[in-house]
Amino acid sequence: MISVKRFDVFTLFPEVFDPYLQASILQRAIQRELVEVQLHNIRDWTTDRHHVTDDEPYGGGGGMVMKPEPIFTAVEGVLGTAPACPVILLTPQGRSFTQSVAQELARLPHLAILCGRYEGVDERVRLHLVTDEISIGDFVLTGGELPALVLIDAITRLIPGVLGDPEGAQDDSHASGLLEYPHYTRPAEFRGWRVPEMLLSGDHARIARWRREQALLRTWQRRPDLLANAPLTEADLRFLEGLEGSGLEEG
Ligand code: J9Q
């Protein structure tokens, strides 16, 4: 299976990526050459004396807009005039980023990511350069850099070999369409709070059933909207029916 090997990120603040990319799982994936992240400072592609990347909006109204020339010059300078990979713009106006979008993008060998700042980018960038627009949620940030890191993180961990455990990415919250069951580790008693005895029983079938039911219970309590699209067995549906009017609505 082909999966992302390279991200080209276009930003005015490449330095904000370094600490996150140089820690933990992403650092290891980069060191092991499972993934490559190339950071490109849009300012380096300006041709004017003062390296200007933004300007006032036509029509007034305040705020600043990212100029088209440096962005086109940067992307075309790195990828050529007809980029073969998707050019993704992070914007609150994009389609919602979900685990299924992460899975879709993880199959591609190469992605370009454009991080906007200020009030946004000149519309001609969106119309004539960008091929996909993604939002990570309905809130306002100062730029697309954190959303870009969110994409890189969510996609990279899906690349085979990046997580130690080969099933690592299968069991997660959202991969199953449900929220995760509760996790416990040693000690078996902490400040008087016991780990559920079930998990110490060694009865793996019973543990698997308990975990499935906990995942269903949590999802029903916190994100009932997810149940409509989750693949559910007959046993799952019976368990969920038993929850109605059970008094377990919260907690
Ligand atoms: C670039 N708020 O917000 C949510 N997803 C992306 C964004 C975003 C933003 C500002 C600039 C992206």
# chains A, B, ... in the order shown; residues from 1 in each chain; ligands from 1
$ residues_near_ligand --ligand "ligand 1" --cutoff "8 Å" --atoms "only C-alpha atoms and all ligand atoms" --output "PyMOL selection string"
chain A and resi 89-94+115-120+134-145+147
$ residues_around --residues "Thr233 in chain A" --least-positions-apart "6" --cutoff "12 Å" --atoms "only C-alpha atoms" --output "mmCIF file with C-alpha atoms, in the first residue's frame"
data_model
loop_
_atom_site.group_PDB
_atom_site.id
_atom_site.type_symbol
_atom_site.label_atom_id
_atom_site.label_comp_id
_atom_site.auth_asym_id
_atom_site.auth_seq_id
_atom_site.Cartn_x
_atom_site.Cartn_y
_atom_site.Cartn_z
ATOM 1 C CA ARG A 212 -17.066 -3.241 23.772
ATOM 2 C CA GLU A 213 -19.936 -2.399 26.128
ATOM 3 C CA LEU A 216 -20.908 1.654 23.424
ATOM 4 C CA LEU A 227 -23.905 5.613 16.697
ATOM 5 C CA PHE A 239 -26.929 -3.700 24.698
ATOM 6 C CA LEU A 240 -27.877 -0.190 23.519
#
$ residues_around --residues "Glu104 in chain A" --least-positions-apart "2" --cutoff "12 Å" --atoms "only C-alpha atoms" --output "ChimeraX atom specification"
/A:2-4,86,97-102,106-109,111,151,154-155,158-159
$ closest_residue --among "A:Arg126, A:Tyr184, A:His50, A:Ser176" --to "Met198 in chain A" --atoms "only C-alpha atoms"
A:Tyr184
$ residues_around --residues "Leu127 in chain A" --least-positions-apart "5" --cutoff "12 Å" --atoms "only C-alpha atoms" --output "mmCIF file with N, CA and C atoms, in the first residue's frame"
data_model
loop_
_atom_site.group_PDB
_atom_site.id
_atom_site.type_symbol
_atom_site.label_atom_id
_atom_site.label_comp_id
_atom_site.auth_asym_id
_atom_site.auth_seq_id
_atom_site.Cartn_x
_atom_site.Cartn_y
_atom_site.Cartn_z
ATOM 1 N N PRO A 68 -0.938 37.084 -3.568
ATOM 2 C CA PRO A 68 -0.851 35.853 -4.358
ATOM 3 C C PRO A 68 0.551 35.536 -4.892
ATOM 4 N N PHE A 72 2.161 31.684 -5.090
ATOM 5 C CA PHE A 72 2.305 30.979 -6.374
ATOM 6 C C PHE A 72 3.773 30.682 -6.671
ATOM 7 N N VAL A 87 -2.987 20.243 -3.313
ATOM 8 C CA VAL A 87 -2.514 21.446 -2.606
ATOM 9 C C VAL A 87 -3.644 21.827 -1.650
ATOM 10 N N LEU A 89 -5.405 23.777 1.389
ATOM 11 C CA LEU A 89 -5.452 25.023 2.164
ATOM 12 C C LEU A 89 -6.184 24.751 3.471
ATOM 13 N N VAL A 121 -6.055 34.367 2.503
ATOM 14 C CA VAL A 121 -5.217 34.483 1.306
ATOM 15 C C VAL A 121 -6.059 35.076 0.181
ATOM 16 N N ASP A 122 -5.397 35.733 -0.734
ATOM 17 C CA ASP A 122 -6.062 36.281 -1.925
ATOM 18 C C ASP A 122 -6.872 35.154 -2.592
ATOM 19 N N ASP A 132 -7.818 21.493 -2.522
ATOM 20 C CA ASP A 132 -8.630 20.940 -1.434
ATOM 21 C C ASP A 132 -8.567 21.925 -0.273
ATOM 22 N N GLU A 133 -9.688 22.113 0.419
ATOM 23 C CA GLU A 133 -9.728 23.031 1.562
ATOM 24 C C GLU A 133 -10.254 22.268 2.766
#
